[in-house]
$ cat upload_13.cif   # mmCIF, C-alpha atoms
data_input
loop_
_atom_site.label_atom_id
_atom_site.label_comp_id
_atom_site.auth_asym_id
_atom_site.auth_seq_id
_atom_site.Cartn_x
_atom_site.Cartn_y
_atom_site.Cartn_z
CA MET R 1 0.00 0.00 0.00
CA THR R 2 2.84 2.38 0.85
CA ARG R 3 4.41 1.84 -2.56
CA ARG R 4 1.08 2.50 -4.28
CA LEU R 5 0.65 5.73 -2.34
CA ALA R 6 4.19 6.81 -3.26
CA LEU R 7 3.55 6.11 -6.94
CA LEU R 8 0.20 7.90 -6.88
CA GLY R 9 1.81 10.86 -5.10
CA ALA R 10 4.56 11.10 -7.70
CA VAL R 11 2.06 11.02 -10.57
CA LEU R 12 -0.09 13.64 -8.84
CA LEU R 13 2.93 15.86 -8.29
CA LEU R 14 3.87 15.72 -11.98
CA LEU R 15 0.29 16.35 -13.05
CA VAL R 16 -0.38 19.27 -10.70
CA LEU R 17 2.95 21.02 -11.13
CA GLY R 18 2.87 20.42 -14.86
CA GLY R 19 -0.55 22.05 -14.92
CA ALA R 20 0.80 24.93 -12.89
CA GLY R 21 2.75 26.09 -15.90
CA PRO R 22 1.43 28.42 -18.56
CA ALA R 23 -1.21 26.00 -19.81
CA SER R 24 -3.57 28.59 -21.20
CA ALA R 25 -2.58 31.17 -23.74
CA HIS R 26 -1.14 34.45 -22.57
CA ALA R 27 -2.36 37.79 -23.87
CA VAL R 28 -2.32 37.97 -27.67
CA LEU R 29 -2.59 41.01 -29.88
CA ARG R 30 -6.12 41.08 -31.34
CA SER R 31 -5.82 44.24 -33.39
CA SER R 32 -3.81 47.39 -33.87
CA ASP R 33 -4.47 50.82 -35.30
CA PRO R 34 -2.69 51.22 -37.68
CA ALA R 35 -2.99 47.57 -38.62
CA ASP R 36 -0.02 45.44 -39.54
CA GLY R 37 1.06 46.13 -43.13
CA THR R 38 -1.22 49.16 -43.59
CA VAL R 39 -0.12 51.90 -46.02
CA LEU R 40 -1.33 55.32 -44.80
CA LYS R 41 -1.53 58.57 -46.73
CA SER R 42 -0.38 60.58 -43.70
CA ALA R 43 1.50 59.79 -40.51
CA PRO R 44 -0.71 58.72 -37.56
CA ASP R 45 -0.76 60.64 -34.30
CA SER R 46 -0.61 57.49 -32.19
CA VAL R 47 -0.84 53.71 -32.22
CA THR R 48 -3.43 51.65 -30.35
CA LEU R 49 -3.08 47.94 -29.55
CA ALA R 50 -5.96 45.79 -28.30
CA PHE R 51 -5.14 42.50 -26.53
CA SER R 52 -7.17 39.43 -25.66
CA GLU R 53 -7.02 40.26 -21.94
CA SER R 54 -5.89 43.02 -19.62
CA VAL R 55 -2.15 43.70 -19.77
CA GLY R 56 0.42 45.45 -17.65
CA LEU R 57 2.64 48.11 -19.21
CA LEU R 58 6.37 48.53 -18.72
CA ASP R 59 8.51 51.64 -18.93
CA ASP R 60 9.66 50.46 -22.35
CA SER R 61 6.53 48.69 -23.57
CA PHE R 62 6.51 50.28 -27.04
CA ARG R 63 9.39 51.18 -29.36
CA LEU R 64 9.03 52.88 -32.74
CA PHE R 65 11.72 52.50 -35.43
CA ASP R 66 12.02 54.51 -38.65
CA PRO R 67 12.76 52.99 -42.08
CA ALA R 68 16.51 53.14 -41.37
CA GLY R 69 16.11 51.22 -38.09
CA ARG R 70 16.68 54.24 -35.84
CA ARG R 71 14.52 54.49 -32.76
CA VAL R 72 11.98 57.33 -32.72
CA HIS R 73 11.07 59.00 -29.44
CA THR R 74 7.41 58.44 -28.49
CA GLY R 75 5.10 59.44 -25.70
CA GLU R 76 4.51 57.36 -22.59
CA ALA R 77 2.49 54.19 -23.05
CA ARG R 78 -0.84 54.14 -21.23
CA HIS R 79 -4.10 52.22 -21.11
CA ALA R 80 -7.10 53.47 -23.02
CA PRO R 81 -9.74 54.91 -20.66
CA ASP R 82 -11.73 52.09 -18.99
CA HIS R 83 -10.02 49.48 -21.19
CA PRO R 84 -7.19 47.65 -19.37
CA ASP R 85 -6.83 45.35 -22.39
CA THR R 86 -6.01 48.26 -24.74
CA ALA R 87 -2.81 50.31 -24.78
CA GLU R 88 -1.90 53.42 -26.72
CA VAL R 89 1.16 55.60 -27.26
CA ALA R 90 1.45 58.99 -28.97
CA PHE R 91 3.77 59.54 -31.94
CA PRO R 92 5.74 62.73 -32.56
CA ALA R 93 4.84 64.97 -35.49
CA GLY R 94 6.76 64.73 -38.77
CA LEU R 95 7.46 61.02 -38.96
CA GLY R 96 8.21 61.21 -42.67
CA GLN R 97 7.54 58.51 -45.23
CA GLY R 98 8.47 54.87 -45.50
CA THR R 99 7.95 51.73 -43.45
CA PHE R 100 7.96 52.01 -39.66
CA THR R 101 8.19 49.19 -37.13
CA VAL R 102 6.41 49.05 -33.78
CA ALA R 103 7.93 46.61 -31.26
CA TRP R 104 5.84 45.97 -28.15
CA ARG R 105 6.24 44.13 -24.85
CA VAL R 106 3.53 43.82 -22.19
CA VAL R 107 2.72 41.61 -19.21
CA SER R 108 -0.25 39.23 -19.39
CA ALA R 109 -2.89 39.03 -16.69
CA ASP R 110 -1.18 35.81 -15.51
CA SER R 111 2.07 37.80 -14.94
CA HIS R 112 3.89 36.39 -17.98
CA PRO R 113 5.58 38.80 -20.44
CA VAL R 114 4.69 38.64 -24.13
CA SER R 115 6.15 40.61 -27.03
CA GLY R 116 5.88 41.11 -30.78
CA ALA R 117 6.21 43.60 -33.62
CA PHE R 118 4.36 44.85 -36.69
CA THR R 119 4.90 47.41 -39.44
CA PHE R 120 2.97 50.20 -41.15
CA SER R 121 3.97 52.52 -43.94
CA VAL R 122 3.42 56.23 -44.56
CA GLY R 123 3.10 57.33 -48.20
CA LYS R 124 4.50 54.16 -49.68
CA PRO R 125 6.45 51.17 -48.34
CA SER R 126 10.21 51.46 -48.18
CA PRO R 127 12.21 49.44 -50.71
CA THR R 128 13.74 47.65 -47.76
CA SER R 129 12.81 47.73 -44.09
CA ALA R 130 15.15 47.40 -41.15
CA ALA R 131 15.01 44.04 -39.38
CA ILE R 132 13.91 44.73 -35.82
CA GLY R 133 14.24 41.87 -33.39
CA THR R 134 11.76 41.79 -30.54
CA GLY R 135 13.95 39.33 -28.68
CA ARG R 136 12.75 36.47 -26.53
CA ASN R 137 9.79 36.89 -24.24
CA GLU R 138 12.21 36.10 -21.45
CA ASN R 139 15.90 35.57 -20.78
CA PRO R 140 16.51 31.77 -20.71
CA VAL R 141 18.39 31.81 -17.41
CA THR R 142 16.03 34.28 -15.73
CA GLY R 143 13.02 32.42 -17.09
CA GLY R 144 14.36 29.07 -15.91
CA LEU R 145 15.05 30.34 -12.40
CA HIS R 146 11.65 32.03 -12.30
CA GLU R 147 9.82 28.87 -13.36
CA LEU R 148 11.78 26.78 -10.86
CA ALA R 149 10.82 29.16 -8.06
CA ARG R 150 7.19 29.18 -9.24
CA TYR R 151 6.97 25.39 -9.22
CA ALA R 152 8.64 25.32 -5.81
CA ALA R 153 6.05 27.79 -4.51
CA TYR R 154 3.18 25.61 -5.75
CA GLY R 155 4.72 22.50 -4.24
CA ALA R 156 5.44 24.26 -0.95
CA ALA R 157 1.87 25.56 -0.73
CA ALA R 158 0.52 22.06 -1.30
CA LEU R 159 2.83 20.60 1.34
CA LEU R 160 2.13 23.34 3.88
CA ILE R 161 -1.64 23.65 3.49
CA GLY R 162 -2.26 19.97 2.85
CA THR R 163 -0.22 18.76 5.81
CA ALA R 164 -1.83 21.26 8.19
CA ALA R 165 -5.29 20.24 6.94
CA PHE R 166 -4.35 16.58 7.41
CA VAL R 167 -3.35 17.19 11.04
CA LEU R 168 -6.56 19.10 11.77
CA LEU R 169 -9.08 17.00 9.87
CA CYS R 170 -7.61 13.48 9.88
CA ARG R 171 -6.14 13.52 13.42
CA PRO R 172 -3.18 11.14 12.97
CA PRO R 173 -2.27 9.20 16.13
CA ASP R 174 1.21 10.75 16.18
CA PRO R 175 1.51 14.08 14.32
CA GLY R 176 5.14 14.44 15.40
CA PRO R 177 6.64 13.14 12.11
CA LEU R 178 4.67 15.82 10.24
CA ARG R 179 6.53 18.70 11.88
CA ARG R 180 9.36 18.36 9.37
CA PRO R 181 7.15 18.51 6.22
CA LEU R 182 5.34 21.53 7.66
CA ALA R 183 8.64 23.31 8.34
CA ALA R 184 9.95 22.36 4.90
CA GLY R 185 6.80 23.72 3.25
CA TRP R 186 6.98 27.01 5.17
CA TRP R 187 10.66 27.66 4.48
CA THR R 188 10.39 26.63 0.83
CA LEU R 189 7.43 28.94 0.32
CA LEU R 190 9.35 31.77 1.97
CA GLY R 191 12.47 31.24 -0.14
CA SER R 192 10.65 30.76 -3.44
CA THR R 193 8.52 33.87 -2.86
CA VAL R 194 11.62 35.99 -2.19
CA VAL R 195 13.23 34.66 -5.36
CA LEU R 196 10.09 35.41 -7.39
CA LEU R 197 10.00 38.95 -6.01
CA VAL R 198 13.66 39.63 -6.77
CA LEU R 199 13.45 38.12 -10.27
CA ARG R 200 10.22 39.90 -11.16
CA ALA R 201 11.80 42.94 -12.85
CA PRO R 202 14.32 41.07 -15.07
CA TYR R 203 11.67 38.48 -15.88
CA GLU R 204 9.29 41.15 -17.18
CA THR R 205 11.93 43.02 -19.18
CA GLY R 206 13.73 39.94 -20.51
CA ALA R 207 17.00 40.87 -18.81
CA GLY R 208 19.54 38.51 -17.27
CA PRO R 209 19.52 37.53 -13.59
CA ALA R 210 22.46 39.86 -12.88
CA SER R 211 20.02 42.80 -12.99
CA ALA R 212 17.80 41.27 -10.29
CA LEU R 213 19.21 43.52 -7.57
CA ASP R 214 18.88 46.73 -9.55
CA VAL R 215 17.32 49.04 -6.94
CA PRO R 216 15.16 51.20 -9.27
CA ALA R 217 13.77 48.09 -10.97
CA LEU R 218 13.07 46.40 -7.65
CA THR R 219 11.37 49.56 -6.38
CA HIS R 220 9.18 49.60 -9.49
CA THR R 221 8.26 45.95 -8.92
CA LEU R 222 6.91 46.81 -5.48
CA THR R 223 4.37 49.14 -7.10
CA THR R 224 3.01 46.60 -9.59
CA ARG R 225 0.23 44.08 -8.98
CA PRO R 226 2.53 41.00 -9.16
CA GLY R 227 4.96 42.64 -6.76
CA LEU R 228 2.24 43.60 -4.29
CA VAL R 229 0.78 40.09 -4.43
CA LEU R 230 4.17 38.56 -3.61
CA LEU R 231 4.62 41.03 -0.75
CA ALA R 232 1.22 40.01 0.61
CA ARG R 233 2.25 36.35 0.45
CA LEU R 234 5.41 37.12 2.41
CA ALA R 235 3.40 39.04 5.01
CA LEU R 236 1.03 36.08 5.45
CA LEU R 237 3.88 33.73 6.29
CA ALA R 238 4.40 35.39 9.69
CA PRO R 239 0.91 34.59 11.07
CA THR R 240 1.16 31.20 9.36
CA ALA R 241 4.24 30.40 11.44
CA ALA R 242 2.38 31.47 14.59
CA PHE R 243 -0.53 29.23 13.59
CA LEU R 244 1.76 26.20 13.17
CA VAL R 245 3.22 26.78 16.65
CA ARG R 246 -0.30 27.01 18.10
CA LEU R 247 -1.35 23.85 16.26
CA TYR R 248 1.41 21.73 17.76
CA ARG R 249 1.15 23.21 21.22
CA ARG R 250 -2.49 22.18 21.44
CA GLY R 251 -1.99 18.81 19.76
CA ALA R 252 -3.80 17.36 16.78
CA GLY R 253 -6.60 15.84 18.81
CA GLN R 254 -7.19 18.97 20.91
CA ALA R 255 -7.33 21.58 18.12
CA ALA R 256 -10.11 23.99 18.99
CA LEU R 257 -12.63 25.39 16.55
CA THR R 258 -10.75 28.71 16.65
CA THR R 259 -7.59 26.94 15.49
CA LEU R 260 -9.47 25.41 12.58
CA ALA R 261 -11.00 28.78 11.68
CA MET R 262 -7.58 30.45 11.85
CA GLY R 263 -6.03 27.83 9.61
CA THR R 264 -8.88 28.09 7.09
CA ALA R 265 -8.57 31.89 6.93
CA LEU R 266 -4.81 31.72 6.39
CA ALA R 267 -5.16 29.04 3.69
CA LEU R 268 -7.78 31.12 1.86
CA ALA R 269 -5.57 34.23 2.05
CA LEU R 270 -2.52 32.37 0.75
CA ALA R 271 -4.51 30.83 -2.13
CA LEU R 272 -5.83 34.29 -3.00
CA THR R 273 -2.27 35.48 -3.70
CA TRP R 274 -2.17 33.02 -6.60
CA ALA R 275 -5.65 33.80 -7.89
CA ALA R 276 -4.89 37.54 -7.88
CA SER R 277 -1.96 37.06 -10.25
CA ASP R 278 -3.38 34.66 -12.85
CA HIS R 279 -6.08 34.67 -15.54
CA ALA R 280 -8.86 34.53 -12.96
CA SER R 281 -8.26 38.20 -12.15
CA ALA R 282 -9.11 39.33 -15.71
CA GLY R 283 -11.77 38.62 -18.29
CA ILE R 284 -15.33 37.49 -17.71
CA GLN R 285 -16.95 36.53 -14.40
CA VAL R 286 -13.96 37.71 -12.34
CA PRO R 287 -15.54 37.18 -8.86
CA LEU R 288 -16.64 33.65 -9.75
CA ALA R 289 -13.33 32.91 -11.46
CA MET R 290 -11.34 34.14 -8.45
CA THR R 291 -13.44 31.98 -6.13
CA SER R 292 -12.97 28.97 -8.39
CA SER R 293 -9.22 29.53 -8.60
CA VAL R 294 -8.88 29.75 -4.80
CA LEU R 295 -10.95 26.60 -4.25
CA HIS R 296 -9.03 24.78 -6.99
CA LEU R 297 -5.68 25.51 -5.37
CA LEU R 298 -6.93 24.59 -1.89
CA ALA R 299 -8.45 21.33 -3.14
CA MET R 300 -5.17 20.48 -4.86
CA ALA R 301 -3.25 21.23 -1.66
CA VAL R 302 -5.58 19.23 0.59
CA TRP R 303 -5.46 16.24 -1.74
CA LEU R 304 -1.80 16.23 -2.76
CA GLY R 305 -0.32 17.58 0.48
CA GLY R 306 -2.61 15.36 2.51
CA LEU R 307 -1.52 12.33 0.51
CA MET R 308 2.12 13.10 1.27
CA ALA R 309 1.22 13.53 4.96
CA LEU R 310 -0.65 10.21 4.95
CA LEU R 311 2.33 8.48 3.39
CA THR R 312 4.61 9.95 6.07
CA THR R 313 2.20 8.86 8.80
CA LEU R 314 1.97 5.29 7.50
CA GLN R 315 5.72 5.01 7.12
CA GLY R 316 6.20 6.20 10.69
CA ALA R 317 3.57 3.89 12.19
CA THR R 318 5.20 1.18 14.28
CA ALA R 319 2.06 -0.46 15.63
CA ASP R 320 -0.44 -2.66 13.87
CA PRO R 321 -1.74 -0.54 10.97
CA ARG R 322 -5.30 -1.45 11.96
CA GLY R 323 -4.79 0.33 15.28
CA THR R 324 -6.36 -0.45 18.60
CA GLY R 325 -9.95 -0.11 17.49
CA ASP R 326 -10.61 3.04 19.50
CA GLY R 327 -10.61 5.37 16.47
CA SER R 328 -7.08 6.61 17.07
CA GLY R 329 -5.11 4.16 14.92
CA PRO R 330 -3.69 4.67 11.43
CA SER R 331 -6.68 2.93 9.84
CA ALA R 332 -9.03 5.51 11.33
CA THR R 333 -6.76 8.26 9.99
CA VAL R 334 -6.82 6.65 6.55
CA ALA R 335 -10.62 6.49 6.66
CA ARG R 336 -10.87 10.18 7.57
CA PHE R 337 -8.46 11.14 4.81
CA SER R 338 -10.44 9.07 2.30
CA ARG R 339 -13.53 11.17 3.04
CA VAL R 340 -11.59 14.45 2.92
CA ALA R 341 -9.85 13.44 -0.31
CA PHE R 342 -13.17 12.55 -1.95
CA LEU R 343 -14.50 16.04 -1.23
CA ALA R 344 -11.23 17.63 -2.42
CA VAL R 345 -11.32 15.68 -5.69
CA THR R 346 -14.93 16.71 -6.27
CA VAL R 347 -14.04 20.39 -5.81
CA LEU R 348 -10.94 19.95 -7.99
CA VAL R 349 -12.96 18.47 -10.86
CA VAL R 350 -15.80 21.01 -10.69
CA THR R 351 -13.51 24.05 -10.52
CA GLY R 352 -11.19 22.57 -13.12
CA LEU R 353 -14.06 22.11 -15.59
CA TYR R 354 -15.22 25.69 -15.02
CA GLN R 355 -11.74 27.13 -15.48
CA SER R 356 -11.21 25.04 -18.61
CA TRP R 357 -14.49 26.27 -20.11
CA ARG R 358 -13.54 29.85 -19.27
CA GLY R 359 -10.08 29.48 -20.77
CA LEU R 360 -11.12 27.65 -23.94
CA GLY R 361 -13.94 29.85 -25.13
CA SER R 362 -15.18 27.23 -27.63
CA TRP R 363 -15.36 23.45 -28.10
CA ALA R 364 -13.21 23.67 -31.24
CA ALA R 365 -10.35 25.01 -29.11
CA LEU R 366 -10.07 21.56 -27.51
CA THR R 367 -8.31 20.27 -30.61
CA ASP R 368 -7.25 23.48 -32.36
CA THR R 369 -5.12 24.97 -29.57
CA THR R 370 -2.14 23.79 -27.55
CA TYR R 371 -4.05 24.50 -24.36
CA GLY R 372 -7.00 22.39 -25.53
CA ARG R 373 -4.80 19.43 -26.44
CA LEU R 374 -2.96 19.69 -23.12
CA LEU R 375 -6.32 19.79 -21.36
CA LEU R 376 -7.39 16.54 -23.06
CA VAL R 377 -4.21 14.87 -21.84
CA LYS R 378 -4.82 16.14 -18.32
CA LEU R 379 -8.42 14.92 -18.38
CA ALA R 380 -7.22 11.45 -19.33
CA ALA R 381 -4.64 11.54 -16.53
CA VAL R 382 -7.27 12.66 -14.04
CA ALA R 383 -9.55 9.79 -15.09
CA LEU R 384 -6.74 7.32 -14.38
CA LEU R 385 -6.05 8.94 -11.02
CA LEU R 386 -9.72 8.83 -10.07
CA ALA R 387 -9.76 5.12 -10.90
CA ALA R 388 -6.74 4.64 -8.62
CA ALA R 389 -8.47 6.70 -5.93
CA GLY R 390 -11.56 4.49 -6.24
CA ARG R 391 -9.48 1.38 -5.61
CA SER R 392 -7.88 3.12 -2.63
CA ARG R 393 -11.32 3.89 -1.15
CA ARG R 394 -12.34 0.24 -1.51
CA TRP R 395 -9.12 -0.80 0.25
CA THR R 396 -9.89 1.67 3.04
CA ALA R 397 -13.42 0.30 3.45
CA ARG R 398 -12.08 -3.27 3.75
CA LEU R 399 -9.49 -2.13 6.30
CA VAL R 400 -12.07 -0.40 8.47
CA THR R 401 -14.43 -3.40 8.23
CA ALA R 402 -11.62 -5.74 9.30
CA GLU R 403 -10.77 -3.47 12.22
CA ARG R 404 -14.38 -3.42 13.41
CA ALA R 405 -14.65 -7.19 13.08
CA GLU R 406 -11.45 -7.67 15.07
CA LYS R 407 -12.69 -5.30 17.77
CA ALA R 408 -15.99 -7.18 17.94
CA GLY R 409 -14.09 -10.47 18.15
CA ARG R 410 -11.96 -9.19 21.00
CA THR R 411 -15.11 -8.03 22.81
CA ARG R 412 -16.83 -11.41 22.39
CA GLY R 413 -13.66 -13.21 23.46
CA ALA R 414 -13.37 -11.08 26.57
CA GLY R 415 -17.04 -11.76 27.37
CA ARG R 416 -16.61 -15.55 27.07
CA THR R 417 -13.51 -15.42 29.25
CA ALA R 418 -15.40 -13.50 31.92
CA VAL R 419 -18.26 -16.02 31.81
CA ARG R 420 -15.86 -18.97 32.21
CA GLU R 421 -14.10 -17.33 35.12
CA GLU R 422 -17.43 -16.58 36.84
CA ALA R 423 -18.60 -20.18 36.29
CA SER R 424 -15.38 -21.60 37.72
CA GLN R 425 -15.95 -19.63 40.89
#

$ encode --input "upload_13.cif" --output "structure tokens"
Amino acid sequence: MTRRLALLGAVLLLLVLGGAGPASAHAVLRSSDPADGTVLKSAPDSVTLAFSESVGLLDDSFRLFDPAGRRVHTGEARHAPDHPDTAEVAFPAGLGQGTFTVAWRVVSADSHPVSGAFTFSVGKPSPTSAAIGTGRNENPVTGGLHELARYAAYGAAALLIGTAAFVLLCRPPDPGPLRRPLAAGWWTLLGSTVVLLVLRAPYETGAGPASALDVPALTHTLTTRPGLVLLARLALLAPTAAFLVRLYRRGAGQAALTTLAMGTALALALALTWAASDHASAGIQVPLAMTSSVLHLLAMAVWLGGLMALLTTLQGATADPRGTGDGSGPSATVARFSRVAFLAVTVLVVTGLYQSWRGLGSWAALTDTTYGRLLLVKLAAVALLLAAAGRSRRWTARLVTAERAEKAGRTRGAGRTAVREEASQ
């Protein structure tokens, strides 16, 4: 059973963390004015770009290049009034004739940078146009470090929230071995959040990691939504540490309702720091999408982190795994986790279906887009995992039935012994 749990945990970890990546499309340019390839009779006063979702603007979000490839000074980029998905920048007078290139770089609602370029001509197209490279969306080293820290943050949140929920809801007979996973989750979440905050500026601009400690850039990060969200996550780790101390001082079996309420509030607040920086915070049905995103993350944490906690508990159990029959043995803990996991999986599936519908936009996108094809693969993986979970629930039911039968047998045996002793007297 332990080996099966370890295998299931590994598969779940790959599935969840793989899904934590940029599964859905980032912001894409829907239209521009002037449009790509347009030939205008006179120079435009400005350029307007409309994206598929709200975008964040950088200090250098738009660059204009003349036919010779020289950069032209423009006004400051800004959002169109009441349209966070539309950006505009003013052009100087007297652009001249020929083909001009607009290179752009913005930040998607899910905090990922995207970039591109297009051309327009004034009067007539130039015989040749300067090749303007928009560069990568991200520096490979910076991007790799950022993704590693992001995956670590997801894993740490699952370990921290899931293990704490396991202690509170499943009441293991000896929660002592779970102190180390809780500490590891807390410290990993702290470290990964600091790394994400420091790397935020070079990640957005596509710079190398050496610029991570640039003070002006770091100061700017602290004024942006992703930066503020990461700061909020760091601030929440202090009361989270106090909660963990309170949890272990009281003991798993003596946790008061106030302790449970405190843990729930902290888990919701931590999950909100992810929902506030992904696609749920932009587009249609934002309140419902934010709620779904928070519940999805918490369900993932309770299921995956709880599974890891259960595995640790079973590995550390030295007594008969069926326990003493008084509801405090490992089998009783397994039974409680089975019920909690069933609820978590239900929430995970419901919220996942809603978020998939919201992200796809149409049934054709299931096969026509990378996100849709990845979603089909994930759905197949989830079906296999649910089948494995069903077998696990049946095993749990047999274990609990055997424990009850053994307890009843011991009771009958004790009764017969008492009768024989009374008769012999």

$ axis_aligned_box --input "upload_13.cif" --around "stretch 298-313 of chain R" --padding-each-side "5 Å" --output "AutoDock Vina command-line options"
--center_x -1.9 --center_y 16.5 --center_z 2.0 --size_x 23.1 --size_y 26.1 --size_z 23.7

$ atom_distance --input "upload_13.cif" --atom1 "atom CA of R:Glu88" --atom2 "atom CA of R:Val47"
5.6 Å

$ resolve_selection --input "upload_13.cif" --expression "the PyMOL selection byres ((chain R and resi 237-250) around 10)" --output "mmCIF file with C-alpha atoms, in the coordinates of the input"
data_model
loop_
_atom_site.group_PDB
_atom_site.id
_atom_site.type_symbol
_atom_site.label_atom_id
_atom_site.label_comp_id
_atom_site.auth_asym_id
_atom_site.auth_seq_id
_atom_site.Cartn_x
_atom_site.Cartn_y
_atom_site.Cartn_z
ATOM 1 C CA LEU R 160 2.130 23.340 3.880
ATOM 2 C CA ILE R 161 -1.640 23.650 3.490
ATOM 3 C CA ALA R 164 -1.830 21.260 8.190
ATOM 4 C CA VAL R 167 -3.350 17.190 11.040
ATOM 5 C CA LEU R 168 -6.560 19.100 11.770
ATOM 6 C CA PRO R 175 1.510 14.080 14.320
ATOM 7 C CA GLY R 176 5.140 14.440 15.400
ATOM 8 C CA ARG R 179 6.530 18.700 11.880
ATOM 9 C CA LEU R 182 5.340 21.530 7.660
ATOM 10 C CA ALA R 183 8.640 23.310 8.340
ATOM 11 C CA TRP R 186 6.980 27.010 5.170
ATOM 12 C CA TRP R 187 10.660 27.660 4.480
ATOM 13 C CA LEU R 189 7.430 28.940 0.320
ATOM 14 C CA LEU R 190 9.350 31.770 1.970
ATOM 15 C CA ALA R 232 1.220 40.010 0.610
ATOM 16 C CA ARG R 233 2.250 36.350 0.450
ATOM 17 C CA LEU R 234 5.410 37.120 2.410
ATOM 18 C CA ALA R 235 3.400 39.040 5.010
ATOM 19 C CA LEU R 236 1.030 36.080 5.450
ATOM 20 C CA GLY R 251 -1.990 18.810 19.760
ATOM 21 C CA ALA R 252 -3.800 17.360 16.780
ATOM 22 C CA GLY R 253 -6.600 15.840 18.810
ATOM 23 C CA GLN R 254 -7.190 18.970 20.910
ATOM 24 C CA ALA R 255 -7.330 21.580 18.120
ATOM 25 C CA ALA R 256 -10.110 23.990 18.990
ATOM 26 C CA THR R 259 -7.590 26.940 15.490
ATOM 27 C CA LEU R 260 -9.470 25.410 12.580
ATOM 28 C CA MET R 262 -7.580 30.450 11.850
ATOM 29 C CA GLY R 263 -6.030 27.830 9.610
ATOM 30 C CA LEU R 266 -4.810 31.720 6.390
ATOM 31 C CA ALA R 267 -5.160 29.040 3.690
ATOM 32 C CA LEU R 270 -2.520 32.370 0.750
#

$ resolve_selection --input "upload_13.cif" --expression "the PyMOL selection byres ((chain R and resi 281-293) around 12)" --output "PDB file with C-alpha atoms, in the coordinates of the input"
ATOM      1  CA  ALA R  20       0.800  24.930 -12.890  1.00  0.00           C
ATOM      2  CA  HIS R  26      -1.140  34.450 -22.570  1.00  0.00           C
ATOM      3  CA  ALA R  27      -2.360  37.790 -23.870  1.00  0.00           C
ATOM      4  CA  PHE R  51      -5.140  42.500 -26.530  1.00  0.00           C
ATOM      5  CA  SER R  52      -7.170  39.430 -25.660  1.00  0.00           C
ATOM      6  CA  GLU R  53      -7.020  40.260 -21.940  1.00  0.00           C
ATOM      7  CA  SER R  54      -5.890  43.020 -19.620  1.00  0.00           C
ATOM      8  CA  VAL R  55      -2.150  43.700 -19.770  1.00  0.00           C
ATOM      9  CA  GLY R  56       0.420  45.450 -17.650  1.00  0.00           C
ATOM     10  CA  HIS R  83     -10.020  49.480 -21.190  1.00  0.00           C
ATOM     11  CA  PRO R  84      -7.190  47.650 -19.370  1.00  0.00           C
ATOM     12  CA  ASP R  85      -6.830  45.350 -22.390  1.00  0.00           C
ATOM     13  CA  SER R 108      -0.250  39.230 -19.390  1.00  0.00           C
ATOM     14  CA  ALA R 109      -2.890  39.030 -16.690  1.00  0.00           C
ATOM     15  CA  ASP R 110      -1.180  35.810 -15.510  1.00  0.00           C
ATOM     16  CA  SER R 111       2.070  37.800 -14.940  1.00  0.00           C
ATOM     17  CA  ARG R 225       0.230  44.080  -8.980  1.00  0.00           C
ATOM     18  CA  PRO R 226       2.530  41.000  -9.160  1.00  0.00           C
ATOM     19  CA  LEU R 268      -7.780  31.120   1.860  1.00  0.00           C
ATOM     20  CA  ALA R 269      -5.570  34.230   2.050  1.00  0.00           C
ATOM     21  CA  LEU R 270      -2.520  32.370   0.750  1.00  0.00           C
ATOM     22  CA  ALA R 271      -4.510  30.830  -2.130  1.00  0.00           C
ATOM     23  CA  LEU R 272      -5.830  34.290  -3.000  1.00  0.00           C
ATOM     24  CA  THR R 273      -2.270  35.480  -3.700  1.00  0.00           C
ATOM     25  CA  TRP R 274      -2.170  33.020  -6.600  1.00  0.00           C
ATOM     26  CA  ALA R 275      -5.650  33.800  -7.890  1.00  0.00           C
ATOM     27  CA  ALA R 276      -4.890  37.540  -7.880  1.00  0.00           C
ATOM     28  CA  SER R 277      -1.960  37.060 -10.250  1.00  0.00           C
ATOM     29  CA  ASP R 278      -3.380  34.660 -12.850  1.00  0.00           C
ATOM     30  CA  HIS R 279      -6.080  34.670 -15.540  1.00  0.00           C
ATOM     31  CA  ALA R 280      -8.860  34.530 -12.960  1.00  0.00           C
ATOM     32  CA  VAL R 294      -8.880  29.750  -4.800  1.00  0.00           C
ATOM     33  CA  LEU R 295     -10.950  26.600  -4.250  1.00  0.00           C
ATOM     34  CA  HIS R 296      -9.030  24.780  -6.990  1.00  0.00           C
ATOM     35  CA  LEU R 297      -5.680  25.510  -5.370  1.00  0.00           C
ATOM     36  CA  LEU R 298      -6.930  24.590  -1.890  1.00  0.00           C
ATOM     37  CA  ALA R 299      -8.450  21.330  -3.140  1.00  0.00           C
ATOM     38  CA  MET R 300      -5.170  20.480  -4.860  1.00  0.00           C
ATOM     39  CA  VAL R 347     -14.040  20.390  -5.810  1.00  0.00           C
ATOM     40  CA  LEU R 348     -10.940  19.950  -7.990  1.00  0.00           C
ATOM     41  CA  VAL R 349     -12.960  18.470 -10.860  1.00  0.00           C
ATOM     42  CA  VAL R 350     -15.800  21.010 -10.690  1.00  0.00           C
ATOM     43  CA  THR R 351     -13.510  24.050 -10.520  1.00  0.00           C
ATOM     44  CA  GLY R 352     -11.190  22.570 -13.120  1.00  0.00           C
ATOM     45  CA  LEU R 353     -14.060  22.110 -15.590  1.00  0.00           C
ATOM     46  CA  TYR R 354     -15.220  25.690 -15.020  1.00  0.00           C
ATOM     47  CA  GLN R 355     -11.740  27.130 -15.480  1.00  0.00           C
ATOM     48  CA  SER R 356     -11.210  25.040 -18.610  1.00  0.00           C
ATOM     49  CA  TRP R 357     -14.490  26.270 -20.110  1.00  0.00           C
ATOM     50  CA  ARG R 358     -13.540  29.850 -19.270  1.00  0.00           C
ATOM     51  CA  GLY R 359     -10.080  29.480 -20.770  1.00  0.00           C
ATOM     52  CA  GLY R 361     -13.940  29.850 -25.130  1.00  0.00           C
TER      53      GLY R 361
END
